[in-house]
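Worksheet for the structure shown next.
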There are 2 protein chains.
Amino acid sequence: MRVLLIEDDFETAALLKDEIERYYTVDVAHNGSEGSYLSQINDYDAMVVDMSLSDMSGEEICRLTRAAKIATPILAMTRGHEVTPKVSSLDSGADDCLSKPFSTLELLARLRALMRRQSRILYSTTLQVEDLYIDFSCKTVSRAGHLLTLRRKEFDILEYLVRNKNRVISKEMILDHVWEMGIEVNSNTIEVHIRSLRAKIDKDYTKKLIKTVHNFGYKIDA
Amino acid sequence: MRVLLIEDDFETAALLKDEIERYYTVDVAHNGSEGSYLSQINDYDAMVVDMSLSDMSGEEICRLTRAAKIATPILAMTRGHEVTPKVSSLDSGADDCLSKPFSTLELLARLRALMRRQSRILYSTTLQVEDLYIDFSCKTVSRAGHLLTLRRKEFDILEYLVRNKNRVISKEMILDHVWEMGIEVNSNTIEVHIRSLRAKIDKDYTKKLIKTVHNFGYKIDA
DNA sequence: TGCTGATTTTAAGCTTTATTTCATTTTCCT
DNA sequence: AGGAAAATGAAATAAAGCTTAAAATCAGCA
């Protein structure tokens, strides 16, 4: 799960990041335009947005995000306990709203709730390509009827490739999506994960699902 | 099982909370707007709502909840024995109605009934996996015919896992369902509870019910 | 209110499993 | 053929989970 945090106060941002990071992968933007940009180029599972930023209002970020047809749940942070900012943030497209000061516990609880609500609608419990099935509720994968046990990274990479079947996915993209932003692993790491994935889902079958596109990345054909 | 109690009289709220807490996890809201808000943010198995709140009528809460397409069963508490408040609460979306004063036994009985009615399969009074039987009404568990004594947290975790058998349940999810909102415990706490649960239900049997799915959570297979 | 036993949580060390890196070989493309 | 990219196998590192004991908290009762 990846969360985008938009907060221009550096100290608060660092604090919140630490907290959220204990459960999810976090990217931080220290101003509205950077945040808005990140929200459009990356695929987040939730956003936590300070409503009182200096360069752009939080409401504007919400509106821009929704205008771009991005349904990522947004948790708005407002100041004080008045009703007006709450209403205006919800009106501009936020899904939930939290007034400062708040406990990080509450923040995390609401984030969890938001993502839970979202996932129920967005994700079906299974995905399929050819004779390969991914079951998210069981966290299992089967090929030709045989159940396979994947490790976490293998599972995440496979899910990403399958969701983007017929498209070439570069190693950078895999890194961006599956690993936390800013984490440094050499590109061979992904090659190694792909190898172990292949050993499980492709080794015993003539029809290979994961194709290497030299110089570009990997691809799964439907 | 998580129940939301909305009651603005602090003393009554504390009393009812204690009672309900003996069987379920309880969140309390001391006014209508907070309650309505929580009902939309969290995923409760039932709500107990005082119809005569100061800031917002109970009927309004029911209507708001239903308008948000939330089907959580609502038990309305009305004052006195007149028919009008009963009718109006049921009309606004409550599923059952209880007039004050009432015995806590009756409250609990009705709560059980409501949750059971919600889905016959999901909320029946007993559940079974392999040779393990759980009886919710008397909070007992038996394996291979032997009665076991589980502690509260063990029971709640087991219940949650069994209700979701065949699905992998993350520690996060367990935390969300078994602990009340705003409580922070580290993930090791769950590992410890799982361990004591296993000592009771799995230790003496070859067929282990609770499986660890590394990096994803725990699972009980049917 | 303070005591007692039971339950729940935390902490620390240990075990198992997953992930990353490294050194090397193979494959691909011009 | 030669250089870059990808694949491979093994080893090193890191993370997740388990276990045990001890500390903290809670509930019931004098």
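Every chain in the structure tokens takes a letter, A first, then B, and so on in the order presented; its residues are numbered from 1, and the ligands are numbered from 1 following the presented order.
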Near-stretch 8-17 of chain C list (8 Å; only C-alpha atoms (C1' of nucleotides); drop same-chain fewer than 3 positions) as a count of residues only:
9
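A least-squares superposition of chain B on chain A, with Cα atoms paired in sequence order, returns an RMSD value of 4.4 Å.
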State, in Å with one decimal place, the distance from atom CA of A:Val168 to atom CA of A:Gly217.
6.0 Å
Determine which residues of stretch 66-215 of chain B receive a DSSP assignment of strand (DSSP E), computed from the backbone, and state them as a PyMOL selection string.
chain B and resi 74-79+96-100+126-129+132-135+140-143+146-148+210-213
Go ahead and save the residues from that selection, with N, CA and C atoms, as a CSV table (one decimal), in the first residue's frame.
```csv
chain,number,residue,atom,x,y,z
B,74,ILE,N,-29.3,-1.4,13.0
B,74,ILE,CA,-29.4,-0.4,14.0
B,74,ILE,C,-30.4,-0.8,15.0
B,75,LEU,N,-30.0,-0.7,16.3
B,75,LEU,CA,-31.0,-0.9,17.4
B,75,LEU,C,-31.2,0.5,18.0
B,76,ALA,N,-32.5,0.9,18.0
B,76,ALA,CA,-32.9,2.2,18.5
B,76,ALA,C,-33.3,2.2,19.9
B,77,MET,N,-32.9,3.1,20.7
B,77,MET,CA,-33.4,3.2,22.1
B,77,MET,C,-34.3,4.4,22.2
B,78,THR,N,-35.5,4.1,22.6
B,78,THR,CA,-36.5,5.3,22.7
B,78,THR,C,-36.9,5.4,24.2
B,79,ARG,N,-37.5,6.5,24.5
B,79,ARG,CA,-37.9,6.7,25.9
B,79,ARG,C,-39.4,6.4,26.0
B,96,ASP,N,-34.6,-2.4,14.8
B,96,ASP,CA,-35.3,-2.8,16.0
B,96,ASP,C,-35.3,-1.7,17.0
B,97,CYS,N,-36.1,-1.8,18.0
B,97,CYS,CA,-36.3,-0.7,18.8
B,97,CYS,C,-36.6,-1.2,20.3
B,98,LEU,N,-36.0,-0.5,21.2
B,98,LEU,CA,-36.1,-0.9,22.6
B,98,LEU,C,-36.4,0.3,23.4
B,99,SER,N,-37.5,0.2,24.3
B,99,SER,CA,-37.8,1.4,25.0
B,99,SER,C,-37.2,1.4,26.4
B,100,LYS,N,-36.7,2.6,26.8
B,100,LYS,CA,-36.1,2.7,28.1
B,100,LYS,C,-37.2,2.9,29.1
B,126,THR,N,-23.5,-20.5,15.8
B,126,THR,CA,-22.4,-21.4,15.9
B,126,THR,C,-21.7,-21.5,14.5
B,127,LEU,N,-20.4,-21.7,14.6
B,127,LEU,CA,-19.6,-21.8,13.4
B,127,LEU,C,-18.7,-23.0,13.5
B,128,GLN,N,-18.3,-23.6,12.4
B,128,GLN,CA,-17.6,-24.8,12.5
B,128,GLN,C,-16.5,-24.9,11.4
B,129,VAL,N,-15.3,-25.3,11.7
B,129,VAL,CA,-14.3,-25.6,10.8
B,129,VAL,C,-13.7,-26.9,11.2
B,132,LEU,N,-13.5,-28.2,14.8
B,132,LEU,CA,-13.6,-27.1,15.7
B,132,LEU,C,-14.9,-26.4,15.7
B,133,TYR,N,-15.6,-26.2,16.9
B,133,TYR,CA,-16.9,-25.6,16.9
B,133,TYR,C,-16.8,-24.4,17.8
B,134,ILE,N,-17.4,-23.3,17.3
B,134,ILE,CA,-17.5,-22.1,18.1
B,134,ILE,C,-18.9,-21.7,18.3
B,135,ASP,N,-19.3,-21.5,19.6
B,135,ASP,CA,-20.6,-21.1,19.9
B,135,ASP,C,-20.6,-19.7,20.4
B,140,THR,N,-18.1,-20.3,23.7
B,140,THR,CA,-17.3,-21.5,24.0
B,140,THR,C,-16.8,-22.1,22.7
B,141,VAL,N,-15.7,-22.8,22.8
B,141,VAL,CA,-15.0,-23.4,21.7
B,141,VAL,C,-14.7,-24.8,22.0
B,142,SER,N,-14.9,-25.7,21.1
B,142,SER,CA,-14.4,-27.1,21.3
B,142,SER,C,-13.7,-27.6,20.1
B,143,ARG,N,-12.7,-28.4,20.4
B,143,ARG,CA,-12.0,-29.1,19.3
B,143,ARG,C,-12.0,-30.6,19.6
B,146,HIS,N,-13.5,-31.8,22.7
B,146,HIS,CA,-13.0,-31.3,24.0
B,146,HIS,C,-13.3,-29.8,24.1
B,147,LEU,N,-13.9,-29.4,25.3
B,147,LEU,CA,-14.2,-28.0,25.5
B,147,LEU,C,-12.9,-27.3,25.9
B,148,LEU,N,-12.8,-26.1,25.3
B,148,LEU,CA,-11.6,-25.3,25.6
B,148,LEU,C,-11.9,-24.0,26.2
B,210,ILE,N,-4.6,-23.0,12.2
B,210,ILE,CA,-4.1,-21.6,11.9
B,210,ILE,C,-2.8,-21.7,11.2
B,211,LYS,N,-2.8,-21.2,10.0
B,211,LYS,CA,-1.6,-21.1,9.2
B,211,LYS,C,-1.0,-19.7,9.1
B,212,THR,N,0.3,-19.7,9.1
B,212,THR,CA,0.9,-18.4,8.9
B,212,THR,C,1.2,-18.2,7.4
B,213,VAL,N,0.8,-17.1,6.8
B,213,VAL,CA,1.2,-16.8,5.4
B,213,VAL,C,2.2,-15.7,5.5
```
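Excluding D:DG28 and any residue on its chain fewer than 6 positions from it, the residues at most 12 Å away by only C-alpha atoms (C1' of nucleotides) are DC3, DT4, DG5 and DA6 of chain C.
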For chain A versus chain D, which residues have an atom no more than 9 Å away, and what is each residue's nearest atom pair and distance in Å rounded to one decimal, using only C-alpha atoms (C1' of nucleotides), chain-then-number order, as a tab-separated table?
```
residue	atom	partner	partner_atom	distance
A:Asn188	CA	D:DA6	C1'	8.6
A:Glu191	CA	D:DA6	C1'	7.5
A:Val192	CA	D:DA7	C1'	8.2
A:Arg195	CA	D:DA7	C1'	7.6
A:Thr212	CA	D:DA6	C1'	8.6
A:His214	CA	D:DA5	C1'	7.3
A:Asn215	CA	D:DA5	C1'	6.9
```
Taking only C-alpha atoms (C1' of nucleotides) into account, name the residue in B:Tyr218, B:Phe136, B:Trp179, B:Tyr205 that is nearest to chain C.
B:Trp179
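If you measure from each of B:Asn186, B:Ser89, B:Ser103, B:Asn31 to chain A using only C-alpha atoms, the closest one turns out to be B:Asn186.
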Within 9 Å of stretch 14-17 of chain B, which residues of stretch 25-134 of chain B show up? Give each one with its shortest atom-to-atom distance in Å (one decimal) and the two atoms involved, counting only C-alpha atoms, rows by chain then rising residue number, as a tab-separated table.
```
residue	atom	partner	partner_atom	distance
B:Val26	CA	B:Lys17	CA	6.6
B:Asp27	CA	B:Lys17	CA	8.1
B:Val28	CA	B:Lys17	CA	7.4
B:Thr104	CA	B:Leu16	CA	7.5
```
Find the spatial neighbours of stretch 172-177 of chain A, counting only C-alpha atoms (C1' of nucleotides), within a cut-off of 9 Å - ignore same-chain residues fewer than 2 positions away - and output them as a PyMOL selection string.
chain A and resi 2+42-43+156-157+160-161+169-170+179-183+185+187+190+217
Distance filter 12 Å, only C-alpha atoms (C1' of nucleotides), chain C against chain A, as a PyMOL selection string
chain C and resi 17-22+27-29
Could you name the residues that touch A:Arg167 at 8 Å or less, counting only C-alpha atoms (C1' of nucleotides), but leaving out those on the same chain fewer than 4 positions away, as JSON, numbers by chain?
{"A": [219, 220, 221]}
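Proximity ranking of B:Ile61, B:Val48, B:Ala109, B:Ile70 relative to chain A places B:Ile70 first, based on only C-alpha atoms.
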DSSP alpha helix (DSSP H) residues within stretch 42-83 of chain A, listed as a ChimeraX atom specification:
/A:58-67,83
Store the residues picked out above, limited to C-alpha atoms, as an mmCIF file, in the first residue's frame.
```cif
data_model
loop_
_atom_site.group_PDB
_atom_site.id
_atom_site.type_symbol
_atom_site.label_atom_id
_atom_site.label_comp_id
_atom_site.auth_asym_id
_atom_site.auth_seq_id
_atom_site.Cartn_x
_atom_site.Cartn_y
_atom_site.Cartn_z
ATOM 1 C CA GLY A 58 -5.684 21.618 -0.277
ATOM 2 C CA GLU A 59 -9.120 21.989 -1.798
ATOM 3 C CA GLU A 60 -7.488 22.788 -5.107
ATOM 4 C CA ILE A 61 -5.412 19.631 -4.916
ATOM 5 C CA CYS A 62 -8.543 17.623 -4.284
ATOM 6 C CA ARG A 63 -10.325 19.243 -7.198
ATOM 7 C CA LEU A 64 -7.358 18.740 -9.554
ATOM 8 C CA THR A 65 -7.047 15.106 -8.539
ATOM 9 C CA ARG A 66 -10.722 14.428 -9.108
ATOM 10 C CA ALA A 67 -10.673 16.382 -12.366
ATOM 11 C CA VAL A 83 -17.347 22.988 10.496
#
```
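Counting only C-alpha atoms and comparing B:Ser33, B:Asp8, B:Leu108, B:Ala94, the residue that lies closest to chain A is B:Ser33.
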